[in-house]
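*Asks:* Provided herewith: run.txt, compact mmCIF, C-alpha atoms and all ligand atoms.
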# COMPACT_ATOMS: atom_id res chain seq x y z
CA MET A 1 40.85 41.93 -0.33
CA ARG A 2 41.33 44.31 -3.11
CA HIS A 3 42.31 41.52 -5.42
CA ALA A 4 39.43 39.43 -4.40
CA ARG A 5 37.00 42.23 -5.07
CA ALA A 6 38.64 42.94 -8.39
CA TYR A 7 38.30 39.29 -9.41
CA GLY A 8 34.77 39.31 -8.18
CA ILE A 9 33.86 42.26 -10.31
CA ALA A 10 35.66 40.76 -13.27
CA GLY A 11 33.79 37.53 -12.68
CA LEU A 12 30.43 39.28 -12.55
CA THR A 13 31.24 41.13 -15.74
CA ALA A 14 32.18 37.84 -17.39
CA LEU A 15 28.88 36.33 -16.22
CA GLY A 16 27.10 39.28 -17.68
CA VAL A 17 28.71 38.64 -21.02
CA VAL A 18 27.80 34.94 -20.93
CA ALA A 19 24.24 35.79 -19.96
CA ALA A 20 24.02 38.35 -22.71
CA VAL A 21 25.30 35.83 -25.22
CA ALA A 22 22.98 33.18 -23.95
CA PHE A 23 20.05 35.57 -24.10
CA ALA A 24 21.01 36.73 -27.53
CA GLN A 25 21.14 33.19 -28.81
CA SER A 26 17.90 32.09 -27.27
CA THR A 27 14.81 32.03 -29.41
CA THR A 28 12.51 31.19 -26.50
CA VAL A 29 9.78 33.71 -25.84
CA PRO A 30 10.04 34.67 -22.17
CA LEU A 31 7.00 33.80 -20.04
CA PRO A 32 4.78 36.71 -19.11
CA GLU A 33 5.27 37.81 -15.51
CA GLU A 34 2.02 36.44 -14.06
CA ALA A 35 1.84 33.20 -16.04
CA PRO A 36 0.10 30.46 -14.09
CA ILE A 37 2.47 27.73 -12.94
CA GLU A 38 1.75 24.45 -14.63
CA ALA A 39 2.27 21.36 -12.49
CA ALA A 40 1.55 17.67 -12.96
CA PRO A 41 -1.91 16.81 -11.59
CA LEU A 42 -1.60 15.86 -7.93
CA GLY A 43 -4.69 13.74 -7.88
CA GLU A 44 -7.03 16.03 -5.95
CA THR A 45 -9.82 14.65 -8.07
CA ALA A 46 -8.75 11.02 -7.64
CA VAL A 47 -11.81 10.03 -5.60
CA ALA A 48 -14.28 11.77 -7.90
CA ASP A 49 -12.56 10.25 -10.95
CA LEU A 50 -13.53 6.76 -9.81
CA ALA A 51 -17.12 7.41 -10.80
CA GLU A 52 -15.99 7.86 -14.40
CA ALA A 53 -14.17 4.52 -14.54
CA ASP A 54 -15.75 1.30 -15.75
CA TRP A 55 -16.18 -1.88 -13.75
CA GLY A 56 -12.83 -3.30 -12.78
CA ASP A 57 -11.12 -5.74 -15.12
CA PRO A 58 -9.55 -8.38 -12.86
CA GLN A 59 -7.18 -9.55 -15.57
CA ASN A 60 -5.59 -6.16 -15.96
CA GLY A 61 -5.69 -5.87 -12.18
CA ALA A 62 -3.67 -9.06 -11.86
CA THR A 63 -1.00 -7.58 -14.12
CA LEU A 64 -0.90 -4.33 -12.17
CA ALA A 65 -0.75 -6.25 -8.90
CA ALA A 66 2.86 -7.19 -9.60
CA THR A 67 3.78 -3.79 -8.13
CA CYS A 68 1.92 -4.57 -4.95
CA ALA A 69 3.11 -8.13 -4.47
CA ALA A 70 6.14 -7.37 -2.32
CA CYS A 71 3.88 -6.28 0.52
CA HIS A 72 0.34 -7.49 -0.17
CA GLY A 73 1.26 -10.63 -2.08
CA LEU A 74 0.03 -11.32 -5.61
CA ASP A 75 -3.12 -12.82 -4.13
CA GLY A 76 -3.68 -10.08 -1.54
CA LYS A 77 -2.42 -12.00 1.48
CA ALA A 78 0.14 -9.88 3.28
CA THR A 79 3.69 -11.14 2.88
CA VAL A 80 4.38 -10.15 6.49
CA ARG A 81 1.16 -10.08 8.49
CA GLU A 82 2.76 -8.01 11.26
CA VAL A 83 3.64 -5.19 8.85
CA TYR A 84 1.17 -5.11 5.95
CA PRO A 85 -2.61 -5.40 5.83
CA GLY A 86 -4.22 -8.15 3.80
CA ILE A 87 -6.44 -6.97 0.96
CA ALA A 88 -7.66 -10.30 -0.49
CA GLY A 89 -11.42 -10.58 -0.58
CA GLN A 90 -11.85 -6.86 -0.01
CA SER A 91 -14.45 -5.36 -2.31
CA GLU A 92 -13.50 -3.69 -5.55
CA ARG A 93 -15.09 -0.44 -4.57
CA TYR A 94 -13.46 -0.22 -1.15
CA ILE A 95 -9.99 -0.94 -2.55
CA ALA A 96 -10.40 1.56 -5.37
CA ARG A 97 -11.59 4.24 -2.98
CA GLN A 98 -8.71 3.72 -0.54
CA LEU A 99 -6.23 3.91 -3.43
CA ALA A 100 -7.80 7.16 -4.59
CA LEU A 101 -7.63 8.53 -1.04
CA PHE A 102 -3.93 7.64 -0.83
CA LYS A 103 -3.35 9.29 -4.21
CA SER A 104 -5.13 12.50 -3.26
CA GLY A 105 -3.38 12.58 0.10
CA GLU A 106 -6.68 12.53 1.99
CA ARG A 107 -5.56 9.28 3.56
CA VAL A 108 -1.96 9.62 4.69
CA SER A 109 0.52 6.80 4.24
CA PRO A 110 4.07 7.56 3.15
CA ILE A 111 4.34 3.90 2.10
CA MET A 112 1.20 3.67 -0.01
CA GLN A 113 1.18 7.16 -1.52
CA PRO A 114 3.95 6.52 -4.09
CA PHE A 115 2.26 3.30 -5.23
CA ALA A 116 -1.13 4.94 -5.57
CA ALA A 117 0.10 8.12 -7.28
CA PRO A 118 0.71 6.66 -10.77
CA LEU A 119 -2.58 4.73 -10.86
CA SER A 120 -5.46 5.93 -13.00
CA ALA A 121 -9.02 5.58 -11.73
CA GLN A 122 -9.45 2.61 -14.05
CA ASP A 123 -6.26 0.99 -12.70
CA MET A 124 -7.66 1.34 -9.19
CA ARG A 125 -10.88 -0.42 -10.08
CA ASP A 126 -9.00 -3.11 -12.01
CA LEU A 127 -6.78 -3.75 -9.00
CA GLY A 128 -9.85 -3.80 -6.80
CA ALA A 129 -11.54 -6.36 -9.02
CA HIS A 130 -8.46 -8.57 -8.94
CA TYR A 131 -8.14 -8.55 -5.16
CA ALA A 132 -11.88 -8.88 -4.63
CA MET A 133 -11.69 -12.27 -6.33
CA GLN A 134 -8.95 -13.61 -4.07
CA GLN A 135 -9.65 -15.59 -0.94
CA ALA A 136 -8.75 -13.83 2.27
CA GLY A 137 -6.54 -15.64 4.70
CA ALA A 138 -7.19 -15.78 8.41
CA GLY A 139 -5.00 -15.67 11.46
CA VAL A 140 -5.56 -17.02 14.94
CA ALA A 141 -7.52 -15.26 17.65
CA ASP A 142 -6.07 -14.77 21.12
CA ASP A 143 -7.79 -17.09 23.62
CA THR A 144 -5.85 -16.06 26.73
CA VAL A 145 -8.16 -15.78 29.71
CA VAL A 146 -8.56 -12.20 30.91
CA ALA A 147 -7.28 -11.88 34.48
CA ALA A 148 -8.89 -8.64 35.63
CA GLY A 149 -11.24 -5.83 34.71
CA PRO A 150 -14.81 -5.79 33.43
CA TYR A 151 -14.27 -8.87 31.26
CA GLU A 152 -12.45 -10.97 33.87
CA GLY A 153 -12.66 -14.68 33.20
CA MET A 154 -13.53 -14.39 29.52
CA LYS A 155 -11.23 -15.51 26.76
CA PHE A 156 -9.77 -12.42 25.14
CA PHE A 157 -11.35 -12.98 21.73
CA GLU A 158 -14.73 -13.63 23.35
CA ILE A 159 -14.92 -9.96 24.35
CA GLY A 160 -14.66 -9.15 20.67
CA GLN A 161 -17.02 -11.93 19.67
CA GLN A 162 -19.71 -10.64 22.00
CA LEU A 163 -19.41 -7.09 20.68
CA PHE A 164 -19.16 -8.23 17.08
CA ARG A 165 -22.33 -10.28 17.33
CA SER A 166 -24.45 -8.29 19.78
CA GLY A 167 -22.79 -4.94 20.33
CA ASP A 168 -23.44 -3.30 23.69
CA PRO A 169 -26.88 -1.70 23.44
CA GLY A 170 -26.57 -0.12 26.89
CA ARG A 171 -23.63 1.97 25.68
CA GLY A 172 -24.90 2.51 22.18
CA VAL A 173 -22.36 0.21 20.51
CA PRO A 174 -24.02 -1.54 17.56
CA ALA A 175 -23.30 -5.12 16.56
CA CYS A 176 -20.50 -5.07 14.03
CA MET A 177 -22.05 -7.92 12.10
CA ALA A 178 -25.08 -5.78 11.33
CA CYS A 179 -22.90 -4.17 8.66
CA HIS A 180 -19.83 -6.36 8.27
CA GLY A 181 -21.84 -9.60 8.25
CA PRO A 182 -21.60 -12.59 10.60
CA THR A 183 -18.50 -13.84 8.81
CA GLY A 184 -16.91 -10.40 8.54
CA ALA A 185 -17.21 -10.55 4.77
CA GLY A 186 -18.63 -7.05 4.57
CA ASN A 187 -21.12 -5.85 2.03
CA PRO A 188 -19.76 -4.22 -1.09
CA GLY A 189 -22.88 -2.23 -1.82
CA PRO A 190 -23.03 0.43 0.92
CA PRO A 191 -19.89 -0.20 1.05
CA TYR A 192 -19.01 -2.02 4.26
CA PRO A 193 -15.53 -3.47 3.99
CA HIS A 194 -14.42 -7.05 4.49
CA VAL A 195 -12.83 -7.32 7.94
CA ALA A 196 -12.40 -11.07 8.52
CA GLY A 197 -8.89 -12.45 8.84
CA GLN A 198 -7.28 -9.02 8.82
CA SER A 199 -4.07 -8.57 10.81
CA SER A 200 -5.15 -7.47 14.26
CA TRP A 201 -2.66 -4.60 14.55
CA TYR A 202 -4.14 -3.11 11.41
CA SER A 203 -7.79 -3.41 12.44
CA ALA A 204 -6.89 -2.00 15.85
CA ARG A 205 -5.18 0.99 14.27
CA ARG A 206 -8.15 1.65 12.01
CA LEU A 207 -10.53 1.43 14.96
CA GLN A 208 -8.37 3.86 16.95
CA GLU A 209 -8.44 6.29 14.04
CA TYR A 210 -12.21 6.03 13.85
CA ARG A 211 -12.49 6.47 17.61
CA ASP A 212 -10.24 9.55 17.56
CA GLY A 213 -12.46 10.97 14.85
CA THR A 214 -9.84 12.87 12.87
CA THR A 215 -9.56 12.27 9.15
CA GLY A 216 -8.23 14.07 6.12
CA GLU A 217 -11.05 12.78 3.93
CA SER A 218 -13.15 15.51 2.37
CA ASP A 219 -16.22 13.30 2.16
CA THR A 220 -16.48 11.94 5.68
CA ARG A 221 -19.76 10.08 5.36
CA LEU A 222 -18.24 6.60 5.59
CA PHE A 223 -15.68 7.63 8.17
CA ASP A 224 -18.43 9.11 10.31
CA ILE A 225 -20.33 5.83 10.37
CA MET A 226 -17.36 4.13 11.97
CA HIS A 227 -16.64 7.10 14.23
CA GLU A 228 -20.13 6.72 15.61
CA VAL A 229 -19.54 2.99 16.14
CA ALA A 230 -16.05 3.18 17.64
CA GLN A 231 -16.20 6.23 19.84
CA ARG A 232 -17.26 4.36 22.99
CA LEU A 233 -14.93 1.39 22.62
CA THR A 234 -12.19 0.94 25.21
CA ASP A 235 -8.63 0.02 24.25
CA GLU A 236 -9.23 -3.49 25.54
CA GLU A 237 -12.35 -3.84 23.42
CA ILE A 238 -10.57 -2.58 20.31
CA GLN A 239 -7.78 -5.10 20.78
CA ALA A 240 -10.23 -7.92 21.50
CA LEU A 241 -12.39 -7.09 18.49
CA SER A 242 -9.32 -7.00 16.27
CA SER A 243 -8.15 -10.33 17.61
CA TYR A 244 -11.59 -11.85 17.05
CA MET A 245 -11.72 -10.52 13.49
CA GLU A 246 -8.22 -11.83 12.78
CA GLY A 247 -9.42 -15.34 13.56
CA LEU A 248 -12.80 -14.91 11.89
CA HIS A 249 -13.44 -17.08 8.88
CA PRO A 250 -16.52 -18.80 7.58
CA ARG A 251 -15.83 -22.35 8.66
CA PRO A 252 -19.25 -23.91 8.95
CA ASP A 253 -20.19 -25.35 12.33
CA ALA A 254 -22.25 -28.51 12.84
CA ALA A 255 -25.64 -26.89 12.39
CA MET A 256 -24.47 -25.13 9.27
CA ARG A 257 -22.97 -28.29 7.80
CA ALA A 258 -26.23 -30.14 8.30
CA ALA A 259 -28.15 -27.35 6.65
CA MET A 260 -25.70 -27.31 3.75
CA ALA A 261 -26.18 -31.04 3.26
CA ARG A 262 -29.92 -30.53 3.01
CA ILE A 263 -29.50 -27.81 0.46
CA GLU A 264 -27.19 -29.98 -1.63
CA THR A 265 -29.85 -32.66 -1.92
CA GLY A 266 -32.83 -30.31 -1.92
CA PRO A 267 -34.21 -27.98 -4.56
CA ALA A 268 -31.81 -25.52 -6.12
CA PRO A 269 -31.67 -22.22 -4.28
CA ILE A 270 -33.32 -19.30 -5.99
CA ALA A 271 -30.78 -16.77 -7.13
CA ALA A 272 -31.25 -13.50 -5.30
CA PRO A 273 -29.84 -10.24 -6.61
CA ALA A 274 -26.73 -9.19 -4.73
CA ALA A 275 -27.38 -6.35 -2.32
CA GLY A 276 -26.33 -2.85 -3.18
CA ASP A 277 -24.39 -1.67 -6.16
CA PRO A 278 -25.10 -3.80 -9.20
CA GLY A 279 -21.68 -2.80 -10.43
CA GLU A 280 -20.19 -5.15 -7.86
CA ALA A 281 -22.48 -8.04 -8.48
CA ASP A 282 -20.36 -9.86 -11.01
CA ILE A 283 -17.22 -9.96 -8.93
CA GLY A 284 -16.54 -13.31 -7.43
CA THR A 285 -18.42 -16.40 -8.26
CA GLN A 286 -20.14 -17.03 -4.99
CA ASP A 287 -23.42 -15.20 -5.36
CA GLY A 288 -25.18 -18.55 -5.28
CA GLY A 289 -23.32 -19.17 -2.03
CA THR A 290 -24.92 -16.13 -0.48
CA VAL A 291 -28.31 -17.61 -0.88
CA ALA A 292 -27.16 -20.98 0.31
CA ILE A 293 -25.75 -19.58 3.54
CA GLU A 294 -28.80 -17.46 4.25
CA GLN A 295 -30.97 -20.50 3.79
CA GLN A 296 -28.76 -22.48 6.10
CA GLY A 297 -29.40 -19.87 8.74
CA GLN A 298 -33.09 -20.62 8.56
CA ALA A 299 -32.71 -24.34 8.17
CA ALA A 300 -30.32 -24.49 11.10
CA ASP A 301 -33.04 -23.12 13.37
CA GLY A 302 -35.17 -26.13 12.66
CA ASP A 303 -34.19 -29.66 13.66
CA ALA A 304 -31.53 -30.20 11.07
CA PRO A 305 -30.32 -33.79 11.08
CA GLU A 306 -26.58 -34.26 11.57
CA THR A 307 -25.68 -35.96 8.37
CA GLY A 308 -21.98 -35.33 8.80
CA SER A 309 -21.61 -34.38 5.20
CA ASP A 310 -18.35 -32.91 4.00
CA PRO A 311 -18.76 -29.15 4.34
CA ALA A 312 -16.67 -28.31 1.28
CA GLY A 313 -17.01 -24.81 2.60
CA PRO A 314 -15.39 -21.99 0.73
CA ARG A 315 -12.48 -21.61 3.13
CA SER A 316 -12.28 -24.85 5.03
CA GLU A 317 -8.53 -24.98 4.48
CA ASP A 318 -8.16 -22.00 6.78
CA ALA A 319 -9.91 -23.83 9.53
CA GLN A 320 -7.40 -23.41 12.33
CA ALA A 321 -8.77 -20.45 14.19
CA GLU A 322 -11.58 -20.90 16.59
CA PRO A 323 -14.19 -18.16 16.50
CA ASP A 324 -16.54 -19.74 14.06
CA ALA A 325 -18.81 -17.51 12.16
CA ASP A 326 -22.22 -19.00 12.22
CA ALA A 327 -25.27 -18.11 10.31
CA GLU A 328 -27.45 -17.27 13.28
CA GLY A 329 -29.05 -13.91 12.83
CA ALA A 330 -27.33 -13.45 9.51
CA THR A 331 -27.93 -9.95 8.30
CA GLY A 332 -24.99 -9.24 6.09
CA ASP A 333 -23.75 -10.65 2.87
CA PRO A 334 -21.37 -13.48 3.66
CA SER A 335 -20.57 -14.25 0.07
CA ARG A 336 -17.47 -12.21 -0.39
CA GLN A 337 -14.77 -14.45 0.94
C1 LIG A 401 6.07 -1.30 0.29
C2 LIG A 401 4.89 -2.04 0.72
C3 LIG A 401 3.59 -1.79 -0.03
C4 LIG A 401 3.36 -1.85 -1.39
C5 LIG A 401 4.35 -2.16 -2.51
C6 LIG A 401 1.93 -1.61 -1.56
N1 LIG A 401 1.34 -1.41 -0.36
FE1 LIG A 401 -0.65 -1.13 -0.03
N2 LIG A 401 -0.30 -0.87 1.95
C7 LIG A 401 0.93 -0.93 2.56
C8 LIG A 401 0.79 -0.51 3.94
C9 LIG A 401 1.90 -0.44 4.98
C10 LIG A 401 -0.56 -0.17 4.13
C11 LIG A 401 -1.22 0.39 5.39
C12 LIG A 401 -1.23 1.89 5.22
C13 LIG A 401 -1.68 2.60 6.45
O1 LIG A 401 -2.89 2.81 6.62
O2 LIG A 401 -0.81 2.97 7.22
C14 LIG A 401 -1.22 -0.42 2.86
C15 LIG A 401 -2.58 -0.22 2.65
C16 LIG A 401 -3.24 -0.54 1.48
C17 LIG A 401 -4.67 -0.49 1.29
C18 LIG A 401 -5.72 -0.14 2.34
C19 LIG A 401 -6.25 -1.39 2.96
C20 LIG A 401 -7.42 -1.19 3.87
O3 LIG A 401 -8.03 -2.20 4.25
O4 LIG A 401 -7.74 -0.07 4.24
C21 LIG A 401 -4.91 -0.86 0.01
C22 LIG A 401 -6.26 -0.99 -0.67
C23 LIG A 401 -3.62 -1.13 -0.61
N3 LIG A 401 -2.63 -0.92 0.32
C24 LIG A 401 -3.47 -1.52 -1.93
C25 LIG A 401 -2.23 -1.59 -2.57
C26 LIG A 401 -2.07 -1.77 -4.00
C27 LIG A 401 -3.21 -2.00 -4.97
C28 LIG A 401 -0.73 -1.75 -4.25
C29 LIG A 401 -0.04 -1.83 -5.60
C30 LIG A 401 -0.42 -0.84 -6.57
C31 LIG A 401 -0.05 -1.57 -2.98
N4 LIG A 401 -1.01 -1.46 -2.00
C32 LIG A 401 1.32 -1.57 -2.80
C33 LIG A 401 2.11 -1.36 1.97
C34 LIG A 401 2.31 -1.50 0.61
C1 LIG A 402 -23.53 0.92 10.44
C2 LIG A 402 -22.60 0.08 9.75
C3 LIG A 402 -21.34 -0.35 10.48
C4 LIG A 402 -21.24 -0.93 11.73
C5 LIG A 402 -22.35 -1.25 12.72
C6 LIG A 402 -19.83 -1.22 11.92
N1 LIG A 402 -19.12 -0.83 10.83
FE1 LIG A 402 -17.10 -1.00 10.58
N2 LIG A 402 -17.21 0.00 8.82
C7 LIG A 402 -18.35 0.53 8.28
C8 LIG A 402 -18.01 1.37 7.15
C9 LIG A 402 -18.96 2.14 6.27
C10 LIG A 402 -16.60 1.32 7.02
C11 LIG A 402 -15.73 2.06 6.00
C12 LIG A 402 -15.28 3.37 6.60
C13 LIG A 402 -14.27 4.06 5.75
O1 LIG A 402 -14.50 4.21 4.55
O2 LIG A 402 -13.24 4.45 6.32
C14 LIG A 402 -16.12 0.46 8.10
C15 LIG A 402 -14.79 0.16 8.31
C16 LIG A 402 -14.33 -0.68 9.31
C17 LIG A 402 -12.95 -1.09 9.47
C18 LIG A 402 -11.78 -0.71 8.57
C19 LIG A 402 -11.54 -1.78 7.54
C20 LIG A 402 -10.36 -1.50 6.64
O3 LIG A 402 -9.85 -2.44 6.05
O4 LIG A 402 -9.95 -0.35 6.50
C21 LIG A 402 -12.90 -1.90 10.58
C22 LIG A 402 -11.69 -2.59 11.16
C23 LIG A 402 -14.25 -1.97 11.10
N3 LIG A 402 -15.10 -1.23 10.31
C24 LIG A 402 -14.61 -2.69 12.24
C25 LIG A 402 -15.87 -2.62 12.84
C26 LIG A 402 -16.17 -3.13 14.15
C27 LIG A 402 -15.17 -3.85 15.05
C28 LIG A 402 -17.48 -2.85 14.40
C29 LIG A 402 -18.28 -3.13 15.66
C30 LIG A 402 -17.78 -2.57 16.90
C31 LIG A 402 -18.01 -2.19 13.21
N4 LIG A 402 -16.99 -2.05 12.31
C32 LIG A 402 -19.32 -1.79 13.06
C33 LIG A 402 -19.65 0.29 8.71
C34 LIG A 402 -19.98 -0.27 9.94
Now, as a test, write the supplied structure out as structure tokens.
*Replies:*
Amino acid sequence: MRHARAYGIAGLTALGVVAAVAFAQSTTVPLPEEAPIEAAPLGETAVADLAEADWGDPQNGATLAATCAACHGLDGKATVREVYPGIAGQSERYIARQLALFKSGERVSPIMQPFAAPLSAQDMRDLGAHYAMQQAGAGVADDTVVAAGPYEGMKFFEIGQQLFRSGDPGRGVPACMACHGPTGAGNPGPPYPHVAGQSSWYSARRLQEYRDGTTGESDTRLFDIMHEVAQRLTDEEIQALSSYMEGLHPRPDAAMRAAMARIETGPAPIAAPAAGDPGEADIGTQDGGTVAIEQQGQAADGDAPETGSDPAGPRSEDAQAEPDADAEGATGDPSRQ
């Protein structure tokens, strides 16, 4: 014991000498006691910074997207649909905002946070522009017949289809397509995100979050819109809506094909300005398509002849899933596929 203490004291004395030497040799001016601690910016201003950035440059976005490819694919189609959301065809603004929310920590994802953290506001918009120009994929909706409950006898996706198209006015559930468009393409202006073809587990989780109503976002205006929409949905309805949206893609049906054939031979459609933010208007090359589809909606109401023309629709290669989006009652902007 004695020895140990003696060594200890000797050791402390030795340390004192080293410290004294080190101090004596140092030329650094010691910090004042109450100096503010300087830390790397954590990104609290990430969302606000977006407003300062210019329109996204898709070419730079494509380069940056290499970091994202392992999960979202270079073209925005999830590499594993069951694990990652697809982001192809999503609007520039929505992608940039979600990235900023991940960076600031307002939207929590331990997976996404480290990928969002190094991005500047301009990077986020560039990435958004790149993915906005990609074509979204689509999955297959669940058509199992429901055995019991309020929707007994319906195919599972039909529950979602009915709500998506018409809502449930009696319970105050609005039609989803009023904002997300009949094809689920969303509307980049307000901004209403693209929801078609998304992995159903992901849409379901988002809808549950909206229904629960808890968010870390400091500006909850957009979140609140969806909270209002989702709060009366049952679990079954959330799953069915998500399944319907997973299979949703703009394959034209017979009436739409006939209308498209008439437009191809008829006068050129008048270009209409894209709805909402003009900053988004140049992304994608299908603004003419918007007009064409809206016109089909009207033409299809008349007695359109079945000419059987090749649809050459924007996504006809994805044509395996059933719930066809049609143009009836089109209120959204279906151009952003
Ligand atoms: C290791 C896999 C992985 C990588 C790499 C990755 N992500 Fe993600 N990403 C995810 C997961 C998982 C989610 C879902 C997060 C959640 O809400 O739980 C997600 C969500 C997103 C969302 C939100 C989608 C929506 O509809 O709300 C965007 C946008 C996004 N990622 C963009 C990117 C970009 C851009 C990059 C590259 C800079 C990237 N991600 C890299 C896994 C990844
Ligand atoms: C009044 C307009 C409006 C209506 C109606 C509406 N939505 Fe939304 N939806 C939004 C907005 C705005 C957002 C973005 C919210 C945010 O920023 O988190 C959104 C987001 C979503 C998302 C998340 C997408 C993603 O990738 O993160 C899903 C899924 C969704 N809505 C599904 C639906 C369904 C299903 C319905 C019908 C039951 C519906 N929405 C009705 C405006 C609407």
*Asks:* Excluding same-chain residues fewer than 5 positions from region 111-117 of chain A, what lies within 9 Å of it counting only C-alpha atoms, as a ChimeraX atom specification?
*Replies:* /A:42-43,67-68,99-105,124
*Asks:* Show me, as JSON lines, the residues of chain A having an atom within 6 Å of ligand LIG 402 (chain A), each with the closest atom pair and its distance in Å, using only C-alpha atoms and all ligand atoms.
*Replies:*
{"residue": "A:Phe164", "atom": "CA", "partner": "A:LIG402", "partner_atom": "C29", "distance": 5.4}
{"residue": "A:Pro174", "atom": "CA", "partner": "A:LIG402", "partner_atom": "C5", "distance": 5.1}
{"residue": "A:Ala175", "atom": "CA", "partner": "A:LIG402", "partner_atom": "C29", "distance": 5.5}
{"residue": "A:Cys176", "atom": "CA", "partner": "A:LIG402", "partner_atom": "C29", "distance": 3.4}
{"residue": "A:Ala178", "atom": "CA", "partner": "A:LIG402", "partner_atom": "C5", "distance": 5.5}
{"residue": "A:Cys179", "atom": "CA", "partner": "A:LIG402", "partner_atom": "C2", "distance": 4.4}
{"residue": "A:Pro191", "atom": "CA", "partner": "A:LIG402", "partner_atom": "C9", "distance": 5.8}
{"residue": "A:Tyr192", "atom": "CA", "partner": "A:LIG402", "partner_atom": "C8", "distance": 4.6}
{"residue": "A:Pro193", "atom": "CA", "partner": "A:LIG402", "partner_atom": "C19", "distance": 5.6}
{"residue": "A:Val195", "atom": "CA", "partner": "A:LIG402", "partner_atom": "C19", "distance": 5.7}
{"residue": "A:Ser203", "atom": "CA", "partner": "A:LIG402", "partner_atom": "C22", "distance": 4.2}
{"residue": "A:Arg206", "atom": "CA", "partner": "A:LIG402", "partner_atom": "C18", "distance": 5.5}
{"residue": "A:Leu207", "atom": "CA", "partner": "A:LIG402", "partner_atom": "C22", "distance": 5.7}
{"residue": "A:Leu222", "atom": "CA", "partner": "A:LIG402", "partner_atom": "C12", "distance": 4.5}
{"residue": "A:Phe223", "atom": "CA", "partner": "A:LIG402", "partner_atom": "O2", "distance": 4.4}
{"residue": "A:Ile225", "atom": "CA", "partner": "A:LIG402", "partner_atom": "C9", "distance": 5.7}
{"residue": "A:Met226", "atom": "CA", "partner": "A:LIG402", "partner_atom": "N2", "distance": 5.2}
{"residue": "A:Val229", "atom": "CA", "partner": "A:LIG402", "partner_atom": "C32", "distance": 5.7}
{"residue": "A:Leu241", "atom": "CA", "partner": "A:LIG402", "partner_atom": "C27", "distance": 5.5}
*Asks:* Which residues form the shell of 8 Å around ligand LIG 401 (chain A) when you count all atoms listed in the file, given as number ranges by chain?
*Replies:* A: 64-72, 83-87, 90, 94-99, 107-112, 115-116, 119, 124, 127-128, 193, 195, 202, 206
*Asks:* At a cut-off of 12 Å, using only C-alpha atoms, what residues contact region 158-163 of chain A? Leave out same-chain residues fewer than 6 positions from it and give the result as a JSON list (two decimals) with C-alpha atoms, keeping the file's coordinate frame.
*Replies:*
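As written to disk, around-v1.json reads:
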[["chain", "number", "residue", "atom", "x", "y", "z"],
["A", 141, "ALA", "CA", -7.52, -15.26, 17.65],
["A", 142, "ASP", "CA", -6.07, -14.77, 21.12],
["A", 143, "ASP", "CA", -7.79, -17.09, 23.62],
["A", 144, "THR", "CA", -5.85, -16.06, 26.73],
["A", 145, "VAL", "CA", -8.16, -15.78, 29.71],
["A", 146, "VAL", "CA", -8.56, -12.20, 30.91],
["A", 149, "GLY", "CA", -11.24, -5.83, 34.71],
["A", 150, "PRO", "CA", -14.81, -5.79, 33.43],
["A", 151, "TYR", "CA", -14.27, -8.87, 31.26],
["A", 152, "GLU", "CA", -12.45, -10.97, 33.87],
["A", 169, "PRO", "CA", -26.88, -1.70, 23.44],
["A", 170, "GLY", "CA", -26.57, -0.12, 26.89],
["A", 171, "ARG", "CA", -23.63, 1.97, 25.68],
["A", 172, "GLY", "CA", -24.90, 2.51, 22.18],
["A", 173, "VAL", "CA", -22.36, 0.21, 20.51],
["A", 174, "PRO", "CA", -24.02, -1.54, 17.56],
["A", 175, "ALA", "CA", -23.30, -5.12, 16.56],
["A", 176, "CYS", "CA", -20.50, -5.07, 14.03],
["A", 177, "MET", "CA", -22.05, -7.92, 12.10],
["A", 178, "ALA", "CA", -25.08, -5.78, 11.33],
["A", 182, "PRO", "CA", -21.60, -12.59, 10.60],
["A", 183, "THR", "CA", -18.50, -13.84, 8.81],
["A", 184, "GLY", "CA", -16.91, -10.40, 8.54],
["A", 200, "SER", "CA", -5.15, -7.47, 14.26],
["A", 204, "ALA", "CA", -6.89, -2.00, 15.85],
["A", 229, "VAL", "CA", -19.54, 2.99, 16.14],
["A", 230, "ALA", "CA", -16.05, 3.18, 17.64],
["A", 232, "ARG", "CA", -17.26, 4.36, 22.99],
["A", 233, "LEU", "CA", -14.93, 1.39, 22.62],
["A", 234, "THR", "CA", -12.19, 0.94, 25.21],
["A", 235, "ASP", "CA", -8.63, 0.02, 24.25],
["A", 236, "GLU", "CA", -9.23, -3.49, 25.54],
["A", 237, "GLU", "CA", -12.35, -3.84, 23.42],
["A", 238, "ILE", "CA", -10.57, -2.58, 20.31],
["A", 239, "GLN", "CA", -7.78, -5.10, 20.78],
["A", 240, "ALA", "CA", -10.23, -7.92, 21.50],
["A", 241, "LEU", "CA", -12.39, -7.09, 18.49],
["A", 242, "SER", "CA", -9.32, -7.00, 16.27],
["A", 243, "SER", "CA", -8.15, -10.33, 17.61],
["A", 244, "TYR", "CA", -11.59, -11.85, 17.05],
["A", 245, "MET", "CA", -11.72, -10.52, 13.49],
["A", 246, "GLU", "CA", -8.22, -11.83, 12.78],
["A", 247, "GLY", "CA", -9.42, -15.34, 13.56],
["A", 248, "LEU", "CA", -12.80, -14.91, 11.89],
["A", 322, "GLU", "CA", -11.58, -20.90, 16.59],
["A", 323, "PRO", "CA", -14.19, -18.16, 16.50],
["A", 324, "ASP", "CA", -16.54, -19.74, 14.06],
["A", 325, "ALA", "CA", -18.81, -17.51, 12.16],
["A", 326, "ASP", "CA", -22.22, -19.00, 12.22]]
*Asks:* Which is closer to Arg125 (chain A) than all the others in A:Gly197, A:Gly56, A:Gly137, A:Gly216, using all atoms listed in the file?
*Replies:*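 Going through A:Gly197, A:Gly56, A:Gly137, A:Gly216 one by one, the smallest distance to Arg125 (chain A) is for A:Gly56.
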